8 protein chains.
Amino acid sequence: MSKTWRVYLSGEIHTDWREQIETGTKAAGLPVSFAAPVTDHASSDACGAEILGPEENEFWFDNKGAKVNAIRTSTLIKDADIVVVRFGDKYKQWNAAFDAGYAAALGKPIITLHDAELRHPLKEVDGAALAWAQEPSQVVRLLKYVIEGTL
Amino acid sequence: MSKTWRVYLSGEIHTDWREQIETGTKAAGLPVSFAAPVTDHASSDACGAEILGPEENEFWFDNKGAKVNAIRTSTLIKDADIVVVRFGDKYKQWNAAFDAGYAAALGKPIITLHDAELRHPLKEVDGAALAWAQEPSQVVRLLKYVIEGTL
Amino acid sequence: MSKTWRVYLSGEIHTDWREQIETGTKAAGLPVSFAAPVTDHASSDACGAEILGPEENEFWFDNKGAKVNAIRTSTLIKDADIVVVRFGDKYKQWNAAFDAGYAAALGKPIITLHDAELRHPLKEVDGAALAWAQEPSQVVRLLKYVIEGTL
Amino acid sequence: MSKTWRVYLSGEIHTDWREQIETGTKAAGLPVSFAAPVTDHASSDACGAEILGPEENEFWFDNKGAKVNAIRTSTLIKDADIVVVRFGDKYKQWNAAFDAGYAAALGKPIITLHDAELRHPLKEVDGAALAWAQEPSQVVRLLKYVIEGTL
Amino acid sequence: MSKTWRVYLSGEIHTDWREQIETGTKAAGLPVSFAAPVTDHASSDACGAEILGPEENEFWFDNKGAKVNAIRTSTLIKDADIVVVRFGDKYKQWNAAFDAGYAAALGKPIITLHDAELRHPLKEVDGAALAWAQEPSQVVRLLKYVIEGTL
Amino acid sequence: MSKTWRVYLSGEIHTDWREQIETGTKAAGLPVSFAAPVTDHASSDACGAEILGPEENEFWFDNKGAKVNAIRTSTLIKDADIVVVRFGDKYKQWNAAFDAGYAAALGKPIITLHDAELRHPLKEVDGAALAWAQEPSQVVRLLKYVIEGTL
Amino acid sequence: MSKTWRVYLSGEIHTDWREQIETGTKAAGLPVSFAAPVTDHASSDACGAEILGPEENEFWFDNKGAKVNAIRTSTLIKDADIVVVRFGDKYKQWNAAFDAGYAAALGKPIITLHDAELRHPLKEVDGAALAWAQEPSQVVRLLKYVIEGTL
Amino acid sequence: MSKTWRVYLSGEIHTDWREQIETGTKAAGLPVSFAAPVTDHASSDACGAEILGPEENEFWFDNKGAKVNAIRTSTLIKDADIVVVRFGDKYKQWNAAFDAGYAAALGKPIITLHDAELRHPLKEVDGAALAWAQEPSQVVRLLKYVIEGTL
């Protein structure tokens, strides 16, 4: 009975890094089950008000949505064996750093994925990670090595 | 391997809200496994004395039954990914609020389900929840969004 | 170095049961440090909006206040050695039952304090408690026995 | 024996918000013990290489420093009763969001402190918080209310 | 996907109470997976020395065996949803009481199974249990009620 | 600031072993704070009914008392650095074995104290202990060594 | 539904002890799923730099690799029911002792596997273990006994 | 009320590194309380047999001593804020690596202290540490920085 590794892909939602990792992992035949936040930006913003009723106040509109998303994300991060956190070059991405801190406190192994130019502002996050990758293909290689033990 | 979400449906046992949620979830094809307390009121009250022997003293009659029910409820709440707590307009329903507190201390995502008129007395419970729904259909939509990521 | 026992007094805020327990405990010379929620009803309701800004929507007005109160109550319940939960004959008191569930999941010893007529609706809460008292003076005697070992 | 509340002040290090909170808290006579990360930017960046030896590679220079800082910050956040996280209008501040996630996973009550214009990018962090303040004076009032129970 | 309940049957090994419970549970068609300590007395005593080498000193002979058995018992108690602890009328049976304490500290629901005459010396163990049964058939009924919700 | 070690003395209440350990420890000038169950047998049996009201049914009489005692014992065992468990030659002493199991699951270092003739029935308890002493004076020497590091 | 036991085989990578245990376990028909660190020495050393980019500094070369390996080992040790730790006669093998300490703090049952001549330097590790075996065949017999209950 | 930091000094017992750190810390006026294993080699080996009775079998002689030492070390490591682990150039020192693994699983910040030539065999231990120092004076500087925030 081989273990299926649960990998949570947190962070940036505007490029196809998740697809690259999932495709590469599948191509490598690795037993991995991926999870992620809702990556449709509009749905992610609107979910609270859309399902539970409208809010005039912007803060509560956002708050309602953020908490609905947290039902999903907190559950899936707790379930995960490994948490990959991706930072892109746009937006504040505080939710990604929040997920990293959340995963760190739970003792989850963290892999960060970001360009070299984000090195300095991400030093605390990288300091809590077990690996820093710059390319999705490196994450695939990491998963292959971690799971199968071969380079 | 897709995750089956375990959802515990706590609280009110005199309307068909559980059936509505279960039917809606099934119709939506969601991978959810539901659990609940024993919802047959008479059995729930009598179980202790019925199985383990009669009690003359009313306190111990109730105590015996409550603890037998706790074998079920504490186990299933610990197992749950999400806890939905429903409050109706009758009875004290302190067991529902107790379950909410129990779930909160375990860090479980909580969804409350109640009418707007119960807003004020439920403020502490709602304050610990990630979502407040007024209709079972909203809970189904929440589960759909949380699990599939689509509105 | 004798231990100071930390006792959290949760629940009903409209009678002087806390004062009775505190006075009795002091008279008995017991090393107890008491904590409690904010018992001024008006402040407890208004604190969120008063400190953090007004809310037109009643739900968020309550939610804001409930969460500010939770900063206090969750911290003090986690700190407590023993949690006493009092139920009176008025109001919904779901926050008291919530506290009991919260304390139970943390493994805190619980003492309930309520009249016999609340026996049935409180059976789940009493089932999770280590003692049910009907009078504040009994709680004082329990503390005396638990701490000093004498009746 | 009154409890001394331990409050960790995380985040932005370029304005005097910590001093304002500490001064206000002292003026109010509250029993609070504050902790914080090292707020001298230059020391915080250089500490790893300065103490443990130079690094040519910028990533390891930063990594070494971040981990030395983590000895302090992880210990003090674990010690804290309440974590206040401040976001300013400059820099990435991913370490602040990381601290918030870390505190959330540990079940610490979180107070965020930031301007309204950061509302949207901070929605996940605010969603995990029990209070959002916009001014240091509000944090002081929160502490006064939480600790003393008076507005 | 229905849950298979894991039930650990601790204690007395000289009567057929385990078989009775297992047979009754099977007859009732309940989804239960049972676990137990090694119930062959001779093997249980000899396992340490038999597998790992002889011991002249009786204390270490016993110690070696007890620890080998603990590999099994500690793992299976941690795995269990429910722990049933049976006390008979012979022997010291301190291992049964030890298991009960172990299960209690882990927050496992405990069912005790013993005759009325053992009531007084077992009061602390019964005090930590959620049900006291006198007959194996009662344990089967408890499992049926807890799992299926019907008397 | 030297650490005061908290030592819980569980088990047998009919000989003066606790006094011997406390006297010896004091004579050795060790910084130890001792705790124990209520050792007055009559009070320990009667406490529940005496404080909370009489019970005709013997089981509930005992149950009520056992749970009142558990408020004390569970709190003090959780507080302890070290748990000493003493078994004598009389009575069932299942509460002592229960305490040992409870302490073991909490990861507390356990010292057992009993005669050699109880070796076999106590093998599981001894197997979970870090030391087996036969005389109270050995426990004092253990505490001295553990705390001061000198034989 | 019979339990599949998860056994982690930590330590020495230069002899075929893992194969012996796996072969023996298979021959005995035991339901065991084995896990281990990467046992190819060259890959284990090079993995960090090979996947994530070269390092000139030897410390960081090693650090990078060690952390990539930790993604695998920490996850699998946390998953394990039983941890077997093998010490050979060569090399420092501090990683094996580290794994043993890690497993001990998590409360995992530990089996050590080493020759008698390593007795003294391994006394702390053996002191935290539930069994010391000298031959792989003894580990197989232990697993057979622990799982099936027969010698 | 300033925090007194608890620092556990694990490992090598044949040089004066502990004294150097303690002296340096005192000279710097830092609020630190140090703890350590028993550093008298002869006492540490003999403690079990000396206090609890002689053992002919060398394994049990060692086992008895190791477990008595574990009462001290496991308690003090759990108490510690920071764990410093020192490796020297002699002996197997598996207990030091065991302590490091134990501390890592508990989430304690670890500082390693060893010469550069031990880099490779200690890579897993260093990989779990937040700082690697080569000189006791560096540990003092780390403590100063971590506690006072100044270089």
# chains A, B, ... in the order shown; residues from 1 in each chain; ligands from 1
>>> select_by_dssp(residues="region 28-93 of chain B", states="alpha helix (DSSP H)", output="ChimeraX atom specification")
/B:41-52,58-79
>>> residues_around(residues="region 14-27 of chain G", least_positions_apart="6", cutoff="8 Å", atoms="only C-alpha atoms", output="ChimeraX atom specification")
/G:34,136-137,139-140,143-144
>>> closest_atom_pairs(of="chain A", to="chain C", cutoff="12 Å", atoms="only C-alpha atoms", output="tab-separated table")
residue	atom	partner	partner_atom	distance
A:Pro54	CA	C:Asn57	CA	11.7
A:Glu55	CA	C:Asn57	CA	9.1
A:Glu56	CA	C:Asn57	CA	9.3
A:Asn57	CA	C:Asn57	CA	9.0
A:Phe59	CA	C:Trp60	CA	10.4
A:Trp60	CA	C:Trp60	CA	7.8
A:Phe61	CA	C:Trp60	CA	11.0
A:Asn63	CA	C:Trp60	CA	10.5
A:Lys64	CA	C:Trp60	CA	10.5
>>> write_last_selection(atoms="N, CA and C atoms", output="PDB file, in the first residue's frame")
ATOM      1  N   PRO A  54     -25.798  39.716   0.495  1.00  0.00           N
ATOM      2  CA  PRO A  54     -24.980  40.884   0.160  1.00  0.00           C
ATOM      3  C   PRO A  54     -24.566  41.699   1.392  1.00  0.00           C
ATOM      4  N   GLU A  55     -23.483  42.441   1.235  1.00  0.00           N
ATOM      5  CA  GLU A  55     -22.994  43.342   2.284  1.00  0.00           C
ATOM      6  C   GLU A  55     -22.700  44.690   1.647  1.00  0.00           C
ATOM      7  N   GLU A  56     -23.181  45.755   2.240  1.00  0.00           N
ATOM      8  CA  GLU A  56     -22.864  47.082   1.715  1.00  0.00           C
ATOM      9  C   GLU A  56     -21.466  47.524   2.129  1.00  0.00           C
ATOM     10  N   ASN A  57     -21.155  47.199   3.349  1.00  0.00           N
ATOM     11  CA  ASN A  57     -19.869  47.596   3.887  1.00  0.00           C
ATOM     12  C   ASN A  57     -18.759  46.731   3.289  1.00  0.00           C
ATOM     13  N   PHE A  59     -15.699  46.208   4.154  1.00  0.00           N
ATOM     14  CA  PHE A  59     -14.931  45.368   5.068  1.00  0.00           C
ATOM     15  C   PHE A  59     -15.628  44.047   5.319  1.00  0.00           C
ATOM     16  N   TRP A  60     -16.934  44.096   5.570  1.00  0.00           N
ATOM     17  CA  TRP A  60     -17.660  42.862   5.872  1.00  0.00           C
ATOM     18  C   TRP A  60     -17.875  42.016   4.629  1.00  0.00           C
ATOM     19  N   PHE A  61     -17.971  42.685   3.485  1.00  0.00           N
ATOM     20  CA  PHE A  61     -18.030  41.934   2.227  1.00  0.00           C
ATOM     21  C   PHE A  61     -16.782  41.057   2.108  1.00  0.00           C
ATOM     22  N   ASN A  63     -14.646  40.307   4.545  1.00  0.00           N
ATOM     23  CA  ASN A  63     -14.514  39.436   5.710  1.00  0.00           C
ATOM     24  C   ASN A  63     -15.319  38.159   5.529  1.00  0.00           C
ATOM     25  N   LYS A  64     -16.537  38.339   5.029  1.00  0.00           N
ATOM     26  CA  LYS A  64     -17.433  37.201   4.800  1.00  0.00           C
ATOM     27  C   LYS A  64     -16.805  36.233   3.793  1.00  0.00           C
TER      28      LYS A  64
END
>>> residues_around(residues="Arg119 (chain A)", least_positions_apart="5", cutoff="12 Å", atoms="only C-alpha atoms", output="VMD selection string")
(chain A and resid 87 to 89 112 to 114 124 to 127 132 to 134) or (chain D and resid 57 to 63 66 92 94)
>>> atom_distance(atom1="CA of Ser2 (chain G)", atom2="CA of Leu30 (chain G)")
10.6 Å
>>> residues_around(residues="Gly11 (chain G)", least_positions_apart="2", cutoff="9 Å", atoms="only C-alpha atoms", output="PDB file with N, CA and C atoms, in the first residue's frame")
ATOM      1  N   LEU G   9      12.047   2.651   8.909  1.00  0.00           N
ATOM      2  CA  LEU G   9      13.352   2.030   9.145  1.00  0.00           C
ATOM      3  C   LEU G   9      14.436   3.088   9.030  1.00  0.00           C
ATOM      4  N   ILE G  13      22.861   2.822   6.347  1.00  0.00           N
ATOM      5  CA  ILE G  13      22.460   2.572   4.953  1.00  0.00           C
ATOM      6  C   ILE G  13      23.482   1.745   4.175  1.00  0.00           C
ATOM      7  N   ALA G  36      11.400   4.609   4.648  1.00  0.00           N
ATOM      8  CA  ALA G  36      12.806   4.765   5.017  1.00  0.00           C
ATOM      9  C   ALA G  36      13.320   6.069   4.440  1.00  0.00           C
ATOM     10  N   PRO G  37      14.482   6.520   4.933  1.00  0.00           N
ATOM     11  CA  PRO G  37      15.113   7.664   4.276  1.00  0.00           C
ATOM     12  C   PRO G  37      15.630   7.197   2.916  1.00  0.00           C
ATOM     13  N   VAL G  84      11.963   1.854  13.718  1.00  0.00           N
ATOM     14  CA  VAL G  84      13.128   1.004  13.986  1.00  0.00           C
ATOM     15  C   VAL G  84      14.369   1.823  13.665  1.00  0.00           C
ATOM     16  N   VAL G  85      15.321   1.871  14.581  1.00  0.00           N
ATOM     17  CA  VAL G  85      16.537   2.648  14.346  1.00  0.00           C
ATOM     18  C   VAL G  85      17.747   1.732  14.424  1.00  0.00           C
ATOM     19  N   ARG G  86      18.491   1.669  13.342  1.00  0.00           N
ATOM     20  CA  ARG G  86      19.633   0.781  13.215  1.00  0.00           C
ATOM     21  C   ARG G  86      20.937   1.568  13.319  1.00  0.00           C
ATOM     22  N   PHE G  87      21.833   1.099  14.180  1.00  0.00           N
ATOM     23  CA  PHE G  87      23.162   1.682  14.264  1.00  0.00           C
ATOM     24  C   PHE G  87      24.187   0.628  13.848  1.00  0.00           C
ATOM     25  N   GLY G  88      25.090   1.004  12.945  1.00  0.00           N
ATOM     26  CA  GLY G  88      26.145   0.099  12.518  1.00  0.00           C
ATOM     27  C   GLY G  88      27.457   0.428  13.214  1.00  0.00           C
ATOM     28  N   GLN G  93      26.701   8.602  12.390  1.00  0.00           N
ATOM     29  CA  GLN G  93      25.289   8.192  12.465  1.00  0.00           C
ATOM     30  C   GLN G  93      24.453   9.068  13.396  1.00  0.00           C
ATOM     31  N   TRP G  94      24.776  10.355  13.413  1.00  0.00           N
ATOM     32  CA  TRP G  94      24.012  11.253  14.279  1.00  0.00           C
ATOM     33  C   TRP G  94      22.581  11.441  13.773  1.00  0.00           C
ATOM     34  N   ASN G  95      22.418  11.259  12.469  1.00  0.00           N
ATOM     35  CA  ASN G  95      21.059  11.363  11.946  1.00  0.00           C
ATOM     36  C   ASN G  95      20.156  10.255  12.504  1.00  0.00           C
ATOM     37  N   ALA G  96      20.712   9.079  12.720  1.00  0.00           N
ATOM     38  CA  ALA G  96      19.911   7.989  13.294  1.00  0.00           C
ATOM     39  C   ALA G  96      19.489   8.328  14.728  1.00  0.00           C
ATOM     40  N   ALA G  97      20.422   8.850  15.502  1.00  0.00           N
ATOM     41  CA  ALA G  97      20.091   9.218  16.881  1.00  0.00           C
ATOM     42  C   ALA G  97      19.115  10.390  16.908  1.00  0.00           C
ATOM     43  N   ASP G  99      16.818  10.956  14.627  1.00  0.00           N
ATOM     44  CA  ASP G  99      15.515  10.358  14.327  1.00  0.00           C
ATOM     45  C   ASP G  99      14.915   9.689  15.568  1.00  0.00           C
TER      46      ASP G  99
END
>>> select_by_dssp(residues="region 51-87 of chain D", states="strand (DSSP E or B)", output="list in words")
Ile82, Val83, Val84, Val85 and Arg86 of chain D
>>> write_last_selection(atoms="C-alpha atoms", output="PDB file, in the first residue's frame")
ATOM      1  CA  ILE D  82      -2.424  38.224  22.347  1.00  0.00           C
ATOM      2  CA  VAL D  83      -0.684  38.997  19.063  1.00  0.00           C
ATOM      3  CA  VAL D  84      -1.066  42.440  17.474  1.00  0.00           C
ATOM      4  CA  VAL D  85       0.001  42.613  13.828  1.00  0.00           C
ATOM      5  CA  ARG D  86       0.639  45.981  12.228  1.00  0.00           C
TER       6      ARG D  86
END
>>> atom_distance(atom1="CA of Val146 (chain A)", atom2="CA of Thr75 (chain G)")
9.8 Å
>>> atom_distance(atom1="CA of Val32 (chain H)", atom2="CA of Glu148 (chain H)")
11.4 Å
>>> residues_around(residues="Cys47 (chain E)", least_positions_apart="3", cutoff="10 Å", atoms="only C-alpha atoms", output="ChimeraX atom specification")
/E:42-44,50-53,61-62,64-69 /G:141-142,145-146,149-151
